[in-house]
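> Structure provided below as structure tokens; questions to follow.
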Amino acid sequence: MKDSSFVRFLRLCLAALVLCIPTKAFAIELNDVPSVPMPEFMDQKAFEEQTTFYQDTPLNDPYLAYEIRLPKTWGKGETYALEKENKDGGVSLDILGNVARYDGPPQIDARSSFTIEALQLDYEITARSWFTNFVLSNGYTVHGMDEISDRELNALYVYVENANSYIVRMAARINGPRIIVARYFVPQVSYDEEKVMQAQAMSSFRLTNTTGKQIETRYTYSFLDQSYFDYPVSWDIKERDIMSIERMKTEVYNLSESEELNGRIRVLVVSRLLDTTLSEEIERFMNSFSVKNYTLEGLIDRHDFVHHPDMDFVKTEAYKLDPQLPTMMKYELWASVLQNDDYYYIVTMLTPARNAEYFIWTKNVEAFRIVLSSIRRYQ
């Protein structure tokens, strides 16, 4: 279970000189996808003359309020959102439901259309991670992607339905506890004729009631008022008796509906007043690390997470944790080190591997990011 390269890496963190930059480990990360191609737009006055301005709040849900300009020859279509009451008001959408639709003139085999779909989110996730899982689940061919922020992403991909191919321009936006997905479909046979209108219309799409509200509520854990961190409400804390402020530890974990472990994050806090060093604490951790029937293997990638101003630095690496039997789930071990003037911190995460359970993995990574970025000396 010991991995000398892992120990060497963490020892180097004392100097904090090596920049940890994510490496391309799996094609599912879409790192090779180019930016969304943009044709030359028509004159804005001409565009407005050829389009109708729409502004609406579907289902009276303020998170879904939008505006867009679409061709004058188009009309509103039917929607099929599955709705139920939401304790915060508005509507909860447990699946990707169609909350707005506009259709172009009928053609022989297919027609252009614009849709807005929404999904209720109960967990922290980035727009990029959501889109990656969306592509993996549906097998789409992606021709362009632009990650504007953690909450905004644009993409261009090919969609096939009833033997008809469509070029789809998408805008995915996380707004409070919703992800809103706007899509403009153009039959591939009409793409050259309609691509300018498609791109310019999608550029006019806006959510008109945006909020920076967190998707998921967060709790704060206190190490006897010596250090703190936040974690998502969907994770549970495993309380431990803390006998001394010199050495403290706890863990948060996430279970599936069948009570199986989806992920586990452990936080160890060690006082710098002890006769120890960070490298010695790392060796102590490695000597005690063990997962039955699993072997710690090679480096997957490095990550440069944002840390709290109370911390001097944070360094993180992810490693393969392979089973001894091929029928067993593959896991990853993520390990981070931080320090400030008073304490050393070693934070680890056990998660199903990204190429085994991508959706669980990406939710766990977001939880790990929340914990890491919130670790602080003072409240």
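Each chain in the structure tokens gets a letter, A, B and so on, in the order shown; residues start at 1 in every chain, and ligands are counted from 1 in the order they appear.
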Just want the 8 Å neighbourhood of Val270 (chain A), counted on only C-alpha atoms, with same-chain residues fewer than 5 positions away dropped. Output as a ChimeraX atom specification.

/A:246-248,343-345

> Could you name the residues that touch Tyr184 (chain A) at 8 Å or less, counting only C-alpha atoms, but leaving out those on the same chain fewer than 5 positions away, as a list in words?

Ser112, Ser113, Phe114, Thr115, Val168, Arg169, Met170, Gln198 and Met202 of chain A

> Just list as a PDB file with C-alpha atoms, in the first residue's frame whatever in region 60-240 of chain A DSSP marks as strand (DSSP E or B).


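Saved to states03.pdb:
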ATOM      1  CA  TYR A  66     -35.681  34.242 -19.718  1.00  0.00           C
ATOM      2  CA  GLU A  67     -35.586  36.362 -22.854  1.00  0.00           C
ATOM      3  CA  ILE A  68     -34.559  35.585 -26.435  1.00  0.00           C
ATOM      4  CA  ARG A  69     -35.082  36.716 -30.045  1.00  0.00           C
ATOM      5  CA  LEU A  70     -36.268  34.037 -32.516  1.00  0.00           C
ATOM      6  CA  PRO A  71     -37.268  34.133 -36.210  1.00  0.00           C
ATOM      7  CA  GLY A  75     -44.413  29.901 -33.138  1.00  0.00           C
ATOM      8  CA  LYS A  76     -44.766  28.544 -29.609  1.00  0.00           C
ATOM      9  CA  LYS A  84     -44.616  19.495  -8.298  1.00  0.00           C
ATOM     10  CA  GLU A  85     -44.690  21.987  -5.484  1.00  0.00           C
ATOM     11  CA  VAL A  91     -41.614  24.408  -9.215  1.00  0.00           C
ATOM     12  CA  SER A  92     -39.326  21.428  -8.684  1.00  0.00           C
ATOM     13  CA  GLY A  97     -38.374  18.831 -18.300  1.00  0.00           C
ATOM     14  CA  ASN A  98     -39.304  20.980 -21.302  1.00  0.00           C
ATOM     15  CA  VAL A  99     -40.554  24.311 -19.920  1.00  0.00           C
ATOM     16  CA  ALA A 100     -40.552  26.318 -23.180  1.00  0.00           C
ATOM     17  CA  ARG A 101     -40.595  25.413 -26.874  1.00  0.00           C
ATOM     18  CA  TYR A 102     -40.699  27.304 -30.181  1.00  0.00           C
ATOM     19  CA  ASP A 103     -40.929  25.630 -33.604  1.00  0.00           C
ATOM     20  CA  SER A 113     -36.773  24.378 -32.966  1.00  0.00           C
ATOM     21  CA  PHE A 114     -35.733  26.047 -29.725  1.00  0.00           C
ATOM     22  CA  THR A 115     -36.337  24.507 -26.303  1.00  0.00           C
ATOM     23  CA  ILE A 116     -35.664  25.375 -22.681  1.00  0.00           C
ATOM     24  CA  GLU A 117     -35.397  22.494 -20.258  1.00  0.00           C
ATOM     25  CA  ALA A 118     -34.814  22.572 -16.510  1.00  0.00           C
ATOM     26  CA  LEU A 119     -33.617  20.182 -13.854  1.00  0.00           C
ATOM     27  CA  GLN A 120     -33.845  20.488 -10.089  1.00  0.00           C
ATOM     28  CA  THR A 141     -20.538  14.034 -30.771  1.00  0.00           C
ATOM     29  CA  VAL A 142     -19.320  17.395 -29.447  1.00  0.00           C
ATOM     30  CA  HIS A 143     -17.925  19.911 -31.970  1.00  0.00           C
ATOM     31  CA  GLY A 144     -17.364  22.845 -29.622  1.00  0.00           C
ATOM     32  CA  MET A 145     -17.493  23.824 -25.956  1.00  0.00           C
ATOM     33  CA  ASP A 146     -16.851  27.054 -24.034  1.00  0.00           C
ATOM     34  CA  GLU A 147     -16.752  26.987 -20.238  1.00  0.00           C
ATOM     35  CA  ILE A 148     -17.656  30.564 -19.312  1.00  0.00           C
ATOM     36  CA  SER A 149     -17.674  29.900 -15.548  1.00  0.00           C
ATOM     37  CA  GLU A 152     -22.192  28.731 -17.442  1.00  0.00           C
ATOM     38  CA  LEU A 153     -21.289  26.659 -20.490  1.00  0.00           C
ATOM     39  CA  ASN A 154     -21.989  26.841 -24.229  1.00  0.00           C
ATOM     40  CA  ALA A 155     -21.649  23.918 -26.629  1.00  0.00           C
ATOM     41  CA  LEU A 156     -22.256  22.705 -30.175  1.00  0.00           C
ATOM     42  CA  TYR A 157     -22.990  19.031 -30.811  1.00  0.00           C
ATOM     43  CA  VAL A 158     -24.768  16.598 -33.148  1.00  0.00           C
ATOM     44  CA  TYR A 159     -28.094  15.038 -32.159  1.00  0.00           C
ATOM     45  CA  VAL A 160     -29.833  12.241 -34.096  1.00  0.00           C
ATOM     46  CA  GLU A 161     -33.572  11.540 -33.895  1.00  0.00           C
ATOM     47  CA  ASN A 164     -32.515  12.914 -38.854  1.00  0.00           C
ATOM     48  CA  SER A 165     -29.327  14.652 -37.765  1.00  0.00           C
ATOM     49  CA  TYR A 166     -29.453  18.042 -36.046  1.00  0.00           C
ATOM     50  CA  ILE A 167     -26.746  20.550 -35.243  1.00  0.00           C
ATOM     51  CA  VAL A 168     -27.549  21.756 -31.723  1.00  0.00           C
ATOM     52  CA  ARG A 169     -26.266  24.945 -30.128  1.00  0.00           C
ATOM     53  CA  MET A 170     -26.660  24.765 -26.341  1.00  0.00           C
ATOM     54  CA  ALA A 171     -26.442  27.169 -23.402  1.00  0.00           C
ATOM     55  CA  ALA A 172     -26.361  25.509 -19.956  1.00  0.00           C
ATOM     56  CA  ARG A 173     -26.838  27.804 -16.950  1.00  0.00           C
ATOM     57  CA  ILE A 174     -26.926  26.923 -13.258  1.00  0.00           C
ATOM     58  CA  ASN A 175     -29.241  29.352 -11.496  1.00  0.00           C
ATOM     59  CA  ARG A 178     -31.781  24.678 -11.131  1.00  0.00           C
ATOM     60  CA  ILE A 179     -29.820  23.943 -14.244  1.00  0.00           C
ATOM     61  CA  ILE A 180     -31.459  25.542 -17.274  1.00  0.00           C
ATOM     62  CA  VAL A 181     -30.577  24.158 -20.702  1.00  0.00           C
ATOM     63  CA  ALA A 182     -31.476  26.207 -23.797  1.00  0.00           C
ATOM     64  CA  ARG A 183     -31.058  24.439 -27.144  1.00  0.00           C
ATOM     65  CA  TYR A 184     -31.522  25.563 -30.744  1.00  0.00           C
ATOM     66  CA  PHE A 185     -31.918  22.582 -33.107  1.00  0.00           C
ATOM     67  CA  VAL A 186     -31.216  22.927 -36.852  1.00  0.00           C
ATOM     68  CA  PRO A 187     -31.535  19.974 -39.292  1.00  0.00           C
ATOM     69  CA  ARG A 206     -30.547  35.526 -21.251  1.00  0.00           C
ATOM     70  CA  LEU A 207     -31.800  34.437 -17.857  1.00  0.00           C
ATOM     71  CA  ARG A 218     -23.655  23.768   3.878  1.00  0.00           C
ATOM     72  CA  TYR A 219     -22.865  22.919   7.474  1.00  0.00           C
ATOM     73  CA  THR A 220     -19.787  24.086   9.391  1.00  0.00           C
ATOM     74  CA  TYR A 221     -17.691  21.761  11.536  1.00  0.00           C
ATOM     75  CA  SER A 222     -15.499  23.096  14.346  1.00  0.00           C
ATOM     76  CA  TYR A 228     -13.204  24.998  10.794  1.00  0.00           C
ATOM     77  CA  PHE A 229     -14.458  23.655   7.483  1.00  0.00           C
ATOM     78  CA  ASP A 230     -17.753  23.525   5.574  1.00  0.00           C
ATOM     79  CA  TYR A 231     -19.387  20.498   3.969  1.00  0.00           C
ATOM     80  CA  PRO A 232     -22.585  19.857   1.922  1.00  0.00           C
ATOM     81  CA  ASP A 236     -22.942  13.165   7.108  1.00  0.00           C
ATOM     82  CA  ILE A 237     -20.343  13.906   9.771  1.00  0.00           C
ATOM     83  CA  LYS A 238     -18.763  11.110  11.795  1.00  0.00           C
TER      84      LYS A 238
END

> Please determine, counting only C-alpha atoms, which residue among A:Pro309, A:Pro62, A:Pro39, A:Pro326 has the shortest atom-to-atom distance to Thr208 (chain A).

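Closest to Thr208 (chain A), using only C-alpha atoms: A:Pro62.
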
> Do you have the CA of Glu297 (chain A)-CA of Arg369 (chain A) distance handy?

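Taking CA of Glu297 (chain A) and CA of Arg369 (chain A), their separation equals 22.7 Å.
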
> What parts of region 164-374 of chain A does DSSP call alpha helix (DSSP H)? I'd like the answer as an NGL selection string.

:A and (191-203 or 278-288 or 358-374)

> Skip Thr362 (chain A) itself and residues of its chain fewer than 5 positions away, then list as a PDB file with C-alpha atoms, in the first residue's frame all residues within 8 Å of it, counting only C-alpha atoms.


ATOM      1  CA  ILE A 125     -21.973  20.371  -9.510  1.00  0.00           C
ATOM      2  CA  SER A 129     -19.298  18.305 -15.043  1.00  0.00           C
ATOM      3  CA  ARG A 354     -14.098   8.691 -12.666  1.00  0.00           C
TER       4      ARG A 354
END

> Considering only C-alpha atoms, state which residue in the set A:Trp74, A:Trp235, A:Tyr54, A:Trp130 is at the smallest distance from Ala367 (chain A).

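Result for the nearest residue to Ala367 (chain A): A:Trp235.
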
> A:Glu317, A:Asp109, A:Glu366, A:Glu283: which is nearest Ser190 (chain A), counting only C-alpha atoms?

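That would be A:Asp109, the residue with the smallest distance to Ser190 (chain A).
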
> CA of Asn133 (chain A) and CA of Val267 (chain A), how far apart in Å?

28.6 Å

> Considering only C-alpha atoms, state which residue in the set A:Tyr294, A:Phe47, A:Tyr378, A:Tyr140 is at the smallest distance from Asp342 (chain A).

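Checking each of A:Tyr294, A:Phe47, A:Tyr378, A:Tyr140 against Asp342 (chain A), counting only C-alpha atoms, the winner is A:Tyr378.
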
> Hey, can you check how far CA of Glu216 (chain A) sits from CA of Leu30 (chain A)?

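The value is 26.1 Å.
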